[in-house]
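Just model-v3.tsv here, TSV, C-alpha atoms:
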chain	number	residue	atom	x	y	z
A	1	MET	CA	-20.84	-2.82	52.67
A	2	SER	CA	-23.61	-0.71	51.26
A	3	ALA	CA	-24.44	-3.34	48.67
A	4	HIS	CA	-25.58	-5.63	51.45
A	5	THR	CA	-28.11	-3.18	52.81
A	6	HIS	CA	-30.27	-3.73	49.78
A	7	ASN	CA	-32.73	-6.14	51.40
A	8	ASP	CA	-34.17	-3.37	53.56
A	9	HIS	CA	-35.40	-1.24	50.72
A	10	GLY	CA	-38.57	-3.24	50.62
A	11	HIS	CA	-38.64	-4.39	47.05
A	12	ALA	CA	-41.85	-6.21	46.22
A	13	HIS	CA	-40.06	-8.59	43.93
A	14	ALA	CA	-37.88	-10.25	46.51
A	15	ASP	CA	-39.35	-13.58	47.43
A	16	ALA	CA	-38.28	-16.23	49.88
A	17	GLY	CA	-35.43	-18.43	48.76
A	18	HIS	CA	-34.49	-15.99	46.03
A	19	ASP	CA	-30.94	-14.71	45.83
A	20	HIS	CA	-32.22	-11.20	45.47
A	21	GLY	CA	-31.83	-9.26	48.66
A	22	GLY	CA	-30.16	-12.15	50.38
A	23	GLY	CA	-26.88	-10.34	50.90
A	24	LEU	CA	-25.54	-11.71	47.65
A	25	GLN	CA	-26.71	-8.88	45.50
A	26	MET	CA	-23.52	-8.63	43.49
A	27	GLY	CA	-22.30	-12.10	44.23
A	28	HIS	CA	-19.28	-12.72	46.41
A	29	HIS	CA	-17.60	-9.47	45.65
A	30	HIS	CA	-14.34	-8.79	47.34
A	31	VAL	CA	-12.90	-5.35	47.97
A	32	SER	CA	-9.14	-5.70	48.20
A	33	SER	CA	-7.14	-3.42	50.43
A	34	ALA	CA	-5.34	-0.57	48.70
A	35	ALA	CA	-2.15	-1.51	50.55
A	36	MET	CA	-2.17	-4.98	49.01
A	37	PHE	CA	-2.60	-3.54	45.50
A	38	PHE	CA	0.33	-1.22	46.11
A	39	ASN	CA	2.51	-4.05	47.43
A	40	VAL	CA	1.72	-6.12	44.34
A	41	LEU	CA	2.70	-3.19	42.10
A	42	ALA	CA	5.99	-2.84	44.01
A	43	ILE	CA	6.74	-6.56	43.59
A	44	LEU	CA	5.88	-6.38	39.86
A	45	LEU	CA	8.26	-3.44	39.34
A	46	VAL	CA	11.06	-5.15	41.28
A	47	LEU	CA	10.58	-8.31	39.22
A	48	THR	CA	10.82	-6.20	36.04
A	49	ILE	CA	14.25	-4.98	37.20
A	50	VAL	CA	15.20	-8.59	37.99
A	51	THR	CA	14.08	-9.61	34.47
A	52	VAL	CA	16.41	-7.04	32.89
A	53	ALA	CA	19.26	-7.87	35.29
A	54	VAL	CA	19.27	-11.64	34.68
A	55	SER	CA	19.13	-11.09	30.90
A	56	ARG	CA	22.67	-9.62	31.18
A	57	PHE	CA	24.08	-12.98	32.25
A	58	ASP	CA	24.53	-15.97	30.00
A	59	PHE	CA	22.99	-19.03	31.58
A	60	GLY	CA	22.85	-20.81	28.25
A	61	GLY	CA	19.53	-22.49	27.63
A	62	ALA	CA	18.37	-21.56	31.13
A	63	ASN	CA	17.94	-17.89	30.20
A	64	MET	CA	14.62	-18.63	28.50
A	65	LEU	CA	13.38	-20.68	31.46
A	66	ILE	CA	14.41	-17.98	33.95
A	67	ALA	CA	12.78	-15.20	31.91
A	68	MET	CA	9.54	-17.16	31.50
A	69	GLY	CA	9.62	-18.20	35.16
A	70	ILE	CA	9.80	-14.58	36.35
A	71	ALA	CA	7.12	-13.55	33.81
A	72	SER	CA	4.89	-16.37	35.09
A	73	VAL	CA	5.24	-15.16	38.68
A	74	LYS	CA	4.35	-11.62	37.57
A	75	ALA	CA	1.40	-12.90	35.52
A	76	SER	CA	0.16	-14.99	38.47
A	77	LEU	CA	0.19	-11.92	40.72
A	78	VAL	CA	-1.75	-9.88	38.14
A	79	ILE	CA	-4.33	-12.66	37.69
A	80	ALA	CA	-4.72	-13.53	41.39
A	81	ILE	CA	-4.74	-10.02	42.90
A	82	PHE	CA	-5.37	-7.35	40.25
A	83	MET	CA	-7.92	-9.53	38.44
A	84	HIS	CA	-9.38	-10.76	41.76
A	85	MET	CA	-9.19	-14.38	40.58
A	86	LYS	CA	-8.19	-15.46	44.09
A	87	TRP	CA	-11.66	-14.51	45.32
A	88	ASP	CA	-13.58	-15.44	42.18
A	89	THR	CA	-15.96	-18.39	41.78
A	90	ALA	CA	-14.68	-21.89	41.01
A	91	ILE	CA	-16.30	-21.92	37.57
A	92	ASN	CA	-14.57	-18.67	36.57
A	93	LYS	CA	-11.25	-20.02	37.79
A	94	ILE	CA	-11.70	-23.22	35.78
A	95	VAL	CA	-12.79	-21.37	32.62
A	96	PHE	CA	-9.87	-18.95	32.60
A	97	LEU	CA	-7.09	-21.14	33.93
A	98	SER	CA	-8.04	-24.02	31.60
A	99	SER	CA	-7.01	-21.79	28.68
A	100	PHE	CA	-3.44	-22.06	29.97
A	101	LEU	CA	-3.80	-25.84	30.12
A	102	PHE	CA	-4.80	-25.99	26.45
A	103	LEU	CA	-2.08	-23.49	25.62
A	104	SER	CA	0.49	-25.77	27.21
A	105	LEU	CA	-0.71	-28.58	24.91
A	106	LEU	CA	-0.11	-26.30	21.91
A	107	PHE	CA	3.37	-25.45	23.19
A	108	ILE	CA	4.28	-29.03	24.06
A	109	PHE	CA	3.32	-30.49	20.69
A	110	THR	CA	4.79	-27.59	18.73
A	111	LEU	CA	8.11	-27.78	20.54
A	112	ALA	CA	8.09	-31.59	20.47
A	113	ASP	CA	7.84	-31.32	16.70
A	114	GLN	CA	10.61	-28.77	16.64
A	115	ALA	CA	12.88	-30.84	18.86
A	116	THR	CA	12.45	-34.16	17.05
A	117	ARG	CA	12.62	-33.25	13.39
A	118	ARG	CA	15.65	-32.64	11.26
A	119	VAL	CA	14.99	-29.81	8.87
A	120	ASP	CA	17.53	-28.48	6.49
A	121	HIS	CA	16.36	-24.91	6.52
A	122	GLU	CA	18.62	-24.25	3.56
A	123	MET	CA	16.01	-26.09	1.51
A	124	HIS	CA	13.62	-23.22	1.95
A	125	THR	CA	15.88	-20.28	1.29
A	126	THR	CA	19.34	-19.86	0.00
A	127	ARG	CA	21.88	-17.16	0.40
A	128	THR	CA	23.06	-15.82	-2.93
A	129	PRO	CA	26.76	-15.01	-2.99
A	130	VAL	CA	26.29	-11.70	-4.81
A	131	ASP	CA	24.26	-9.61	-2.43
A	132	LYS	CA	24.48	-11.71	0.75
A	133	GLN	CA	20.72	-11.46	1.03
A	134	TRP	CA	18.27	-14.20	1.67
A	135	VAL	CA	15.93	-14.70	-1.25
A	136	HIS	CA	12.59	-16.35	-1.64
A	137	PRO	CA	12.61	-19.82	-3.23
A	138	SER	CA	10.09	-18.82	-5.89
A	139	THR	CA	12.71	-16.67	-7.54
A	140	LEU	CA	15.35	-19.37	-7.45
A	141	GLU	CA	13.40	-21.70	-9.69
A	142	LYS	CA	13.67	-19.20	-12.52
A	143	HIS	CA	17.45	-19.49	-12.51
B	1	MET	CA	-40.06	-19.44	41.32
B	2	SER	CA	-39.02	-17.81	38.08
B	3	HIS	CA	-39.19	-14.11	37.51
B	4	ASP	CA	-42.59	-13.13	36.12
B	5	GLY	CA	-41.07	-10.62	33.71
B	6	HIS	CA	-43.42	-7.80	34.65
B	7	HIS	CA	-41.46	-6.27	37.48
B	8	SER	CA	-37.94	-5.13	36.82
B	9	ILE	CA	-35.43	-5.40	39.66
B	10	VAL	CA	-33.86	-2.09	40.58
B	11	ILE	CA	-30.67	-1.72	42.58
B	12	PRO	CA	-31.00	1.60	44.38
B	13	ALA	CA	-28.41	4.36	44.10
B	14	PRO	CA	-26.29	4.71	47.25
B	15	GLY	CA	-26.48	8.50	47.10
B	16	PRO	CA	-27.88	11.47	45.22
B	17	GLU	CA	-24.87	11.63	42.89
B	18	PHE	CA	-25.61	8.09	41.66
B	19	VAL	CA	-28.38	6.56	39.56
B	20	PRO	CA	-30.12	3.23	40.29
B	21	HIS	CA	-29.34	0.17	38.17
B	22	THR	CA	-32.14	-1.80	36.56
B	23	VAL	CA	-31.26	-5.48	36.17
B	24	ALA	CA	-31.67	-6.59	32.56
B	25	HIS	CA	-35.09	-8.24	32.14
B	26	HIS	CA	-33.67	-11.62	31.06
B	27	PHE	CA	-31.99	-12.10	34.44
B	28	ASP	CA	-33.81	-13.37	37.50
B	29	SER	CA	-31.64	-11.56	39.98
B	30	PRO	CA	-28.71	-9.15	40.30
B	31	VAL	CA	-26.54	-12.09	41.35
B	32	GLN	CA	-27.44	-13.99	38.19
B	33	GLU	CA	-26.71	-10.93	36.09
B	34	PHE	CA	-23.36	-10.37	37.76
B	35	GLN	CA	-22.24	-14.01	37.62
B	36	SER	CA	-23.42	-14.56	34.03
B	37	MET	CA	-21.68	-11.45	32.73
B	38	LYS	CA	-18.55	-12.29	34.66
B	39	LEU	CA	-18.46	-15.89	33.40
B	40	GLY	CA	-19.00	-14.68	29.84
B	41	PHE	CA	-16.17	-12.23	30.16
B	42	TRP	CA	-13.75	-14.79	31.60
B	43	LEU	CA	-14.65	-17.02	28.63
B	44	PHE	CA	-13.82	-14.16	26.28
B	45	LEU	CA	-10.52	-13.58	28.10
B	46	ALA	CA	-9.75	-17.31	27.71
B	47	THR	CA	-10.12	-16.89	23.92
B	48	GLU	CA	-7.78	-13.90	24.11
B	49	ILE	CA	-5.18	-16.09	25.84
B	50	LEU	CA	-5.55	-18.62	23.03
B	51	LEU	CA	-5.28	-15.89	20.36
B	52	PHE	CA	-1.99	-14.62	21.76
B	53	GLY	CA	-0.98	-18.19	22.63
B	54	GLY	CA	-0.83	-19.08	18.94
B	55	LEU	CA	1.50	-16.16	18.35
B	56	PHE	CA	3.67	-17.17	21.31
B	57	ALA	CA	3.83	-20.71	19.90
B	58	ALA	CA	5.07	-19.23	16.60
B	59	TYR	CA	7.63	-17.20	18.53
B	60	PHE	CA	8.97	-20.26	20.38
B	61	TYR	CA	9.05	-22.36	17.20
B	62	PHE	CA	11.08	-19.88	15.18
B	63	HIS	CA	13.20	-18.90	18.17
B	64	GLU	CA	14.26	-22.55	18.38
B	65	ALA	CA	14.82	-22.74	14.63
B	66	PHE	CA	16.81	-19.51	14.27
B	67	PRO	CA	18.17	-18.51	17.70
B	68	GLU	CA	20.83	-16.22	16.22
B	69	THR	CA	18.24	-14.36	14.14
B	70	PHE	CA	16.21	-13.69	17.25
B	71	ARG	CA	19.23	-12.63	19.29
B	72	VAL	CA	20.42	-10.16	16.65
B	73	GLY	CA	16.85	-9.03	15.93
B	74	GLY	CA	16.11	-8.43	19.59
B	75	ALA	CA	19.28	-6.36	19.87
B	76	GLN	CA	17.81	-3.96	17.28
B	77	LEU	CA	15.03	-3.05	19.71
B	78	ASP	CA	15.65	-0.49	22.44
B	79	TRP	CA	15.22	-2.42	25.68
B	80	ARG	CA	15.03	0.87	27.62
B	81	LEU	CA	11.87	1.87	25.76
B	82	GLY	CA	10.53	-1.63	26.34
B	83	ALA	CA	11.29	-1.37	30.06
B	84	VAL	CA	9.66	2.07	30.26
B	85	ASN	CA	6.57	0.70	28.53
B	86	THR	CA	6.52	-2.29	30.89
B	87	THR	CA	6.58	0.11	33.85
B	88	VAL	CA	3.86	2.26	32.26
B	89	LEU	CA	1.59	-0.77	31.82
B	90	LEU	CA	2.26	-2.18	35.30
B	91	VAL	CA	1.49	1.17	36.93
B	92	SER	CA	-1.62	1.60	34.76
B	93	SER	CA	-2.71	-1.90	35.77
B	94	TRP	CA	-2.42	-0.78	39.39
B	95	THR	CA	-4.39	2.45	38.76
B	96	MET	CA	-7.08	0.36	37.02
B	97	ALA	CA	-7.28	-2.03	39.98
B	98	MET	CA	-7.64	1.00	42.26
B	99	GLY	CA	-10.29	2.43	39.96
B	100	VAL	CA	-12.36	-0.76	40.22
B	101	ARG	CA	-11.89	-0.70	43.99
B	102	CYS	CA	-13.17	2.89	44.17
B	103	ALA	CA	-16.19	1.96	42.05
B	104	GLN	CA	-16.87	-0.93	44.46
B	105	THR	CA	-16.87	1.53	47.35
B	106	SER	CA	-18.93	4.23	45.57
B	107	GLN	CA	-16.08	6.75	45.42
B	108	LYS	CA	-17.06	8.50	42.20
B	109	GLN	CA	-14.34	11.16	41.98
B	110	LYS	CA	-11.56	8.70	42.85
B	111	THR	CA	-12.85	6.22	40.26
B	112	LEU	CA	-12.70	8.98	37.65
B	113	MET	CA	-9.20	9.97	38.74
B	114	PHE	CA	-7.80	6.43	38.64
B	115	CYS	CA	-9.46	5.76	35.26
B	116	ALA	CA	-7.96	9.00	33.92
B	117	LEU	CA	-4.50	7.95	35.16
B	118	THR	CA	-4.94	4.56	33.45
B	119	LEU	CA	-5.87	6.40	30.26
B	120	VAL	CA	-2.68	8.49	30.54
B	121	GLY	CA	-0.76	5.20	30.76
B	122	ALA	CA	-2.49	3.87	27.64
B	123	VAL	CA	-1.65	7.02	25.67
B	124	ALA	CA	1.95	7.07	26.94
B	125	PHE	CA	2.36	3.43	25.91
B	126	MET	CA	1.11	4.10	22.38
B	127	VAL	CA	3.25	7.25	21.97
B	128	ILE	CA	6.37	5.28	22.95
B	129	LYS	CA	5.27	2.45	20.64
B	130	PHE	CA	4.87	4.96	17.79
B	131	PHE	CA	8.46	6.15	18.13
B	132	GLU	CA	9.68	2.55	18.29
B	133	TYR	CA	7.81	1.70	15.10
B	134	LYS	CA	9.14	4.86	13.45
B	135	ALA	CA	12.73	3.80	14.24
B	136	LYS	CA	12.09	0.35	12.75
B	137	ASN	CA	10.61	2.02	9.67
B	138	ASP	CA	13.61	4.36	9.30
B	139	HIS	CA	16.05	1.44	9.43
B	140	GLY	CA	14.01	-0.55	6.91
B	141	LEU	CA	13.39	-3.35	9.40
B	142	VAL	CA	9.62	-2.87	9.08
B	143	VAL	CA	8.73	-0.62	6.15
B	144	PHE	CA	5.14	0.20	6.98
B	145	SER	CA	4.23	1.61	3.55
B	146	GLU	CA	5.21	-1.73	1.95
B	147	LEU	CA	3.60	-3.95	4.58
B	148	PHE	CA	1.04	-5.42	2.19
B	149	SER	CA	3.12	-5.29	-0.99
B	150	GLY	CA	4.27	-8.90	-0.79
B	151	TYR	CA	7.50	-9.65	-2.64
B	152	ASN	CA	9.43	-7.37	-4.92
B	153	GLU	CA	9.05	-9.00	-8.36
B	154	ALA	CA	12.52	-8.06	-9.53
B	155	THR	CA	14.57	-9.08	-6.53
B	156	GLY	CA	12.34	-11.65	-4.89
B	157	GLN	CA	12.84	-9.86	-1.58
B	158	LEU	CA	10.11	-9.10	0.91
B	159	ALA	CA	8.92	-5.59	0.14
B	160	TRP	CA	8.56	-4.56	3.78
B	161	PHE	CA	11.98	-5.82	4.92
B	162	LYS	CA	14.82	-3.75	3.50
B	163	ASP	CA	17.36	-3.69	6.36
B	164	TYR	CA	19.16	-0.55	5.09
B	165	ASP	CA	22.02	-0.94	7.59
B	166	GLY	CA	22.48	-4.65	6.90
B	167	VAL	CA	22.23	-5.50	10.60
B	168	MET	CA	20.55	-8.80	9.80
B	169	ALA	CA	22.83	-9.67	6.86
B	170	ASN	CA	24.72	-12.41	8.68
B	171	VAL	CA	21.78	-14.30	10.15
B	172	PRO	CA	19.22	-16.41	8.29
B	173	HIS	CA	15.70	-15.10	7.70
B	174	GLY	CA	16.22	-11.73	9.34
B	175	HIS	CA	12.68	-10.73	8.47
B	176	MET	CA	11.30	-13.55	10.65
B	177	PHE	CA	12.02	-11.80	13.94
B	178	PHE	CA	10.50	-8.53	12.76
B	179	ALA	CA	7.42	-10.24	11.32
B	180	ILE	CA	6.77	-11.77	14.75
B	181	TYR	CA	7.71	-8.56	16.57
B	182	LEU	CA	5.29	-6.52	14.47
B	183	THR	CA	2.42	-9.02	14.57
B	184	MET	CA	2.58	-9.50	18.32
B	185	THR	CA	3.10	-5.86	19.29
B	186	ALA	CA	0.53	-4.58	16.77
B	187	ILE	CA	-2.19	-6.93	17.99
B	188	HIS	CA	-1.24	-6.08	21.55
B	189	GLY	CA	-1.28	-2.36	20.64
B	190	LEU	CA	-4.75	-2.79	19.15
B	191	HIS	CA	-5.85	-4.13	22.53
B	192	VAL	CA	-4.32	-1.09	24.23
B	193	VAL	CA	-6.31	1.22	21.93
B	194	ILE	CA	-9.56	-0.74	22.47
B	195	GLY	CA	-8.88	-0.76	26.22
B	196	ALA	CA	-8.39	3.02	26.19
B	197	GLY	CA	-11.73	3.41	24.40
B	198	LEU	CA	-13.43	1.18	26.98
B	199	ILE	CA	-11.91	3.21	29.83
B	200	ILE	CA	-13.30	6.42	28.29
B	201	TRP	CA	-16.71	4.71	28.12
B	202	ILE	CA	-16.39	3.70	31.79
B	203	MET	CA	-15.45	7.26	32.74
B	204	LYS	CA	-18.57	8.59	31.00
B	205	GLY	CA	-20.76	6.14	32.93
B	206	THR	CA	-18.96	6.93	36.19
B	207	ALA	CA	-19.47	10.68	35.64
B	208	LYS	CA	-23.19	10.00	35.18
B	209	GLY	CA	-23.20	8.07	38.47
B	210	ARG	CA	-24.09	4.72	36.89
B	211	PHE	CA	-21.43	2.75	38.77
B	212	HIS	CA	-21.44	2.32	42.54
B	213	ALA	CA	-21.24	-0.34	45.26
B	214	GLY	CA	-24.58	-1.77	44.10
B	215	TYR	CA	-23.54	-2.04	40.45
B	216	TYR	CA	-19.95	-1.77	39.30
B	217	LEU	CA	-19.90	-4.69	36.84
B	218	PRO	CA	-18.82	-2.75	33.68
B	219	VAL	CA	-15.92	-1.16	35.57
B	220	ASP	CA	-14.93	-4.61	36.80
B	221	LEU	CA	-15.00	-6.13	33.29
B	222	VAL	CA	-13.08	-3.28	31.63
B	223	GLY	CA	-10.58	-3.63	34.47
B	224	LEU	CA	-10.15	-7.34	33.66
B	225	TYR	CA	-9.59	-6.47	29.98
B	226	TRP	CA	-6.95	-3.90	30.89
B	227	HIS	CA	-5.15	-6.35	33.19
B	228	LEU	CA	-5.09	-8.87	30.32
B	229	VAL	CA	-3.31	-6.28	28.14
B	230	ASP	CA	-0.73	-5.97	30.93
B	231	LEU	CA	-0.55	-9.75	31.29
B	232	ILE	CA	0.37	-10.24	27.61
B	233	TRP	CA	3.02	-7.50	27.76
B	234	ILE	CA	4.67	-9.12	30.80
B	235	PHE	CA	5.64	-11.98	28.46
B	236	LEU	CA	6.27	-9.86	25.34
B	237	PHE	CA	8.85	-7.64	27.03
B	238	PRO	CA	11.49	-10.29	27.87
B	239	LEU	CA	10.80	-12.31	24.71
B	240	LEU	CA	11.19	-9.41	22.26
B	241	TYR	CA	13.46	-6.88	23.96
B	242	LEU	CA	15.72	-9.17	26.00
B	243	VAL	CA	15.63	-12.21	23.68
B	244	PRO	CA	16.75	-15.09	25.91
Structure encoded using structure tokens:
Amino acid sequence: MSAHTHNDHGHAHADAGHDHGGGLQMGHHHVSSAAMFFNVLAILLVLTIVTVAVSRFDFGGANMLIAMGIASVKASLVIAIFMHMKWDTAINKIVFLSSFLFLSLLFIFTLADQATRRVDHEMHTTRTPVDKQWVHPSTLEKH
Amino acid sequence: MSHDGHHSIVIPAPGPEFVPHTVAHHFDSPVQEFQSMKLGFWLFLATEILLFGGLFAAYFYFHEAFPETFRVGGAQLDWRLGAVNTTVLLVSSWTMAMGVRCAQTSQKQKTLMFCALTLVGAVAFMVIKFFEYKAKNDHGLVVFSELFSGYNEATGQLAWFKDYDGVMANVPHGHMFFAIYLTMTAIHGLHVVIGAGLIIWIMKGTAKGRFHAGYYLPVDLVGLYWHLVDLIWIFLFPLLYLVP
């Protein structure tokens, strides 16, 4: 890798024990093989077809889980391979992947709220018999 | 052992068609520059995940509250266009990954070619998106000229949601699906446009020979941004076009 030939260009700045010129010039960069990138693209396209195909069947409440499961596999491939996360530093992995951890907290508490409350949504809007349209509550108070 | 600040570190160009990179003076080494920039960018991408995450939370909340509204609303979108756009973004994500790879290996012309192909994908995506939005506008599901007009005083109806064909007449809060559809796809589309601009910037730098095996950081970071745009769409496609 040409980047690793840097230490022979005789830079006066490089001193002992310094990262500079120590073969780590750009950090632990990883050049993925073109074949792997192409294989990942092929898998992503196949999974897109699978996503459309399974949406044609009614699995009840499982449809959402299946769709999100396939999307998560696709997303993982994009993050790990296309975004090189697999070969990235531990701190970068923690920083990025922790966002999904906090996101799951948002989802869990939002959906827990949704699942455990009883809301009469008719309280917020009401269908008027005349035009079969849903109207905003602010207009109802005038009647 | 700290850098004395008087000598700048220069990463040499790997060939005559490239230019050397001078490490910014506030970094001690090229490694520090690379890792700091990369960490900062991953942090930024984490905030992007949280930005879209809030919108996804809204989607899931209202999907649970009004499943029929989302089913009927989703049926108003053309899943074929959504699938084509998904393919366009996945392929462009691949061309971007290849572009970064070519920058890493100092292949200037190939980097330019793959970046150009990614740009074609970005433009194709936005053209398809434009026609989708136009169809929504024509059916009164998202009336763009009334987007910021609030409520119609006389009728109390949302100004931007007219539903000329009455497709949402039998489900509650028909506007809810289209409000979420528009917000999520518009913010995503904004990212596509910004990404396209960044790719043009990268192509300019590549043409000047700034990016090579010794210094490809900006190409790498723009690549990460573009993959994030793809990442978000991977979830938007099934949720909006194939409402589960």
Between CA of Thr118 (chain B) and CA of Ser92 (chain B), what distance in Å does the model show, to one decimal? 4.6 Å
May I have the residues within 7 Å of Ser55 (chain A) as a PyMOL selection string, using all atoms listed in the file and disregarding those fewer than 3 positions away in the same chain? (chain A and resi 51-52+63) or (chain B and resi 242+244)
Between B:Ala83, B:Leu141, B:Val193, B:Ala135, which has the minimum distance to chain A (counting all atoms listed in the file)?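 Of the candidates, the smallest distance to chain A is held by B:Ala83.
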So what do you get for CA of Leu97 (chain A) versus CA of Phe211 (chain B), distance-wise? 28.3 Å
Pick from A:Ala35, A:Val95, A:Val46, A:Val54, whichever lies nearest to chain B using all atoms listed in the file: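 Looking only at the distances to chain B, the closest residue turns out to be A:Val95.
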List the neighbours of Gly82 (chain B) out to 9 Å using all atoms listed in the file; skip same-chain residues closer than 5 positions along the sequence, and give me the result as a list in words. Leu77, Thr87, Ile128, Lys129, Phe237, Pro238, Leu240 and Tyr241 of chain B
Could you please take those selected residues and save C-alpha atoms as a PDB file, in the frame of the given file?
ATOM      1  CA  LEU B  77      15.030  -3.050  19.710  1.00  0.00           C
ATOM      2  CA  THR B  87       6.580   0.110  33.850  1.00  0.00           C
ATOM      3  CA  ILE B 128       6.370   5.280  22.950  1.00  0.00           C
ATOM      4  CA  LYS B 129       5.270   2.450  20.640  1.00  0.00           C
ATOM      5  CA  PHE B 237       8.850  -7.640  27.030  1.00  0.00           C
ATOM      6  CA  PRO B 238      11.490 -10.290  27.870  1.00  0.00           C
ATOM      7  CA  LEU B 240      11.190  -9.410  22.260  1.00  0.00           C
ATOM      8  CA  TYR B 241      13.460  -6.880  23.960  1.00  0.00           C
TER       9      TYR B 241
END
Gap from CA of Ala71 (chain A) to CA of Val229 (chain B) - Å, one decimal: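 Between CA of Ala71 (chain A) and CA of Val229 (chain B) the gap is 13.9 Å.
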Report as a PyMOL selection string all protein, DNA and RNA residues lying within 12 Å of Asp220 (chain B), evaluated on all atoms listed in the file, omitting residues in the same chain fewer than 3 positions from it. (chain A and resi 26+29-31+82-85) or (chain B and resi 34-35+37-38+41-42+96-104+111+115+198-199+202+211-213+215-217+223-227)
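Across A:Phe102, A:Trp87, A:Phe109, A:Phe96, the tightest approach to chain B is made by A:Phe96 when counting all atoms listed in the file.
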Kindly assemble as JSON lines a list of the region 77-191 of chain B residues that lie within 12 Å of region 56-59 of chain B, each paired with its nearest atom pair and their distance in Å to one decimal, using all atoms listed in the file, sorted first by chain and then by ascending residue number.
{"residue": "B:Met176", "atom": "CA", "partner": "B:Tyr59", "partner_atom": "CA", "distance": 9.4}
{"residue": "B:Phe177", "atom": "CA", "partner": "B:Tyr59", "partner_atom": "CA", "distance": 8.3}
{"residue": "B:Phe178", "atom": "CA", "partner": "B:Tyr59", "partner_atom": "CA", "distance": 10.8}
{"residue": "B:Ala179", "atom": "CA", "partner": "B:Tyr59", "partner_atom": "CA", "distance": 10.0}
{"residue": "B:Ile180", "atom": "CA", "partner": "B:Tyr59", "partner_atom": "CA", "distance": 6.7}
{"residue": "B:Tyr181", "atom": "CA", "partner": "B:Tyr59", "partner_atom": "CA", "distance": 8.9}
{"residue": "B:Leu182", "atom": "CA", "partner": "B:Tyr59", "partner_atom": "CA", "distance": 11.7}
{"residue": "B:Thr183", "atom": "CA", "partner": "B:Tyr59", "partner_atom": "CA", "distance": 10.5}
{"residue": "B:Met184", "atom": "CA", "partner": "B:Phe56", "partner_atom": "CA", "distance": 8.3}
{"residue": "B:Thr185", "atom": "CA", "partner": "B:Phe56", "partner_atom": "CA", "distance": 11.5}
Extract, using all atoms listed in the file, all DNA, RNA and protein residues at most 8 Å from Pro172 (chain B), discarding same-chain residues fewer than 3 positions from it, and format them as JSON, numbers by chain. {"A": [134], "B": [66, 69, 168, 169]}
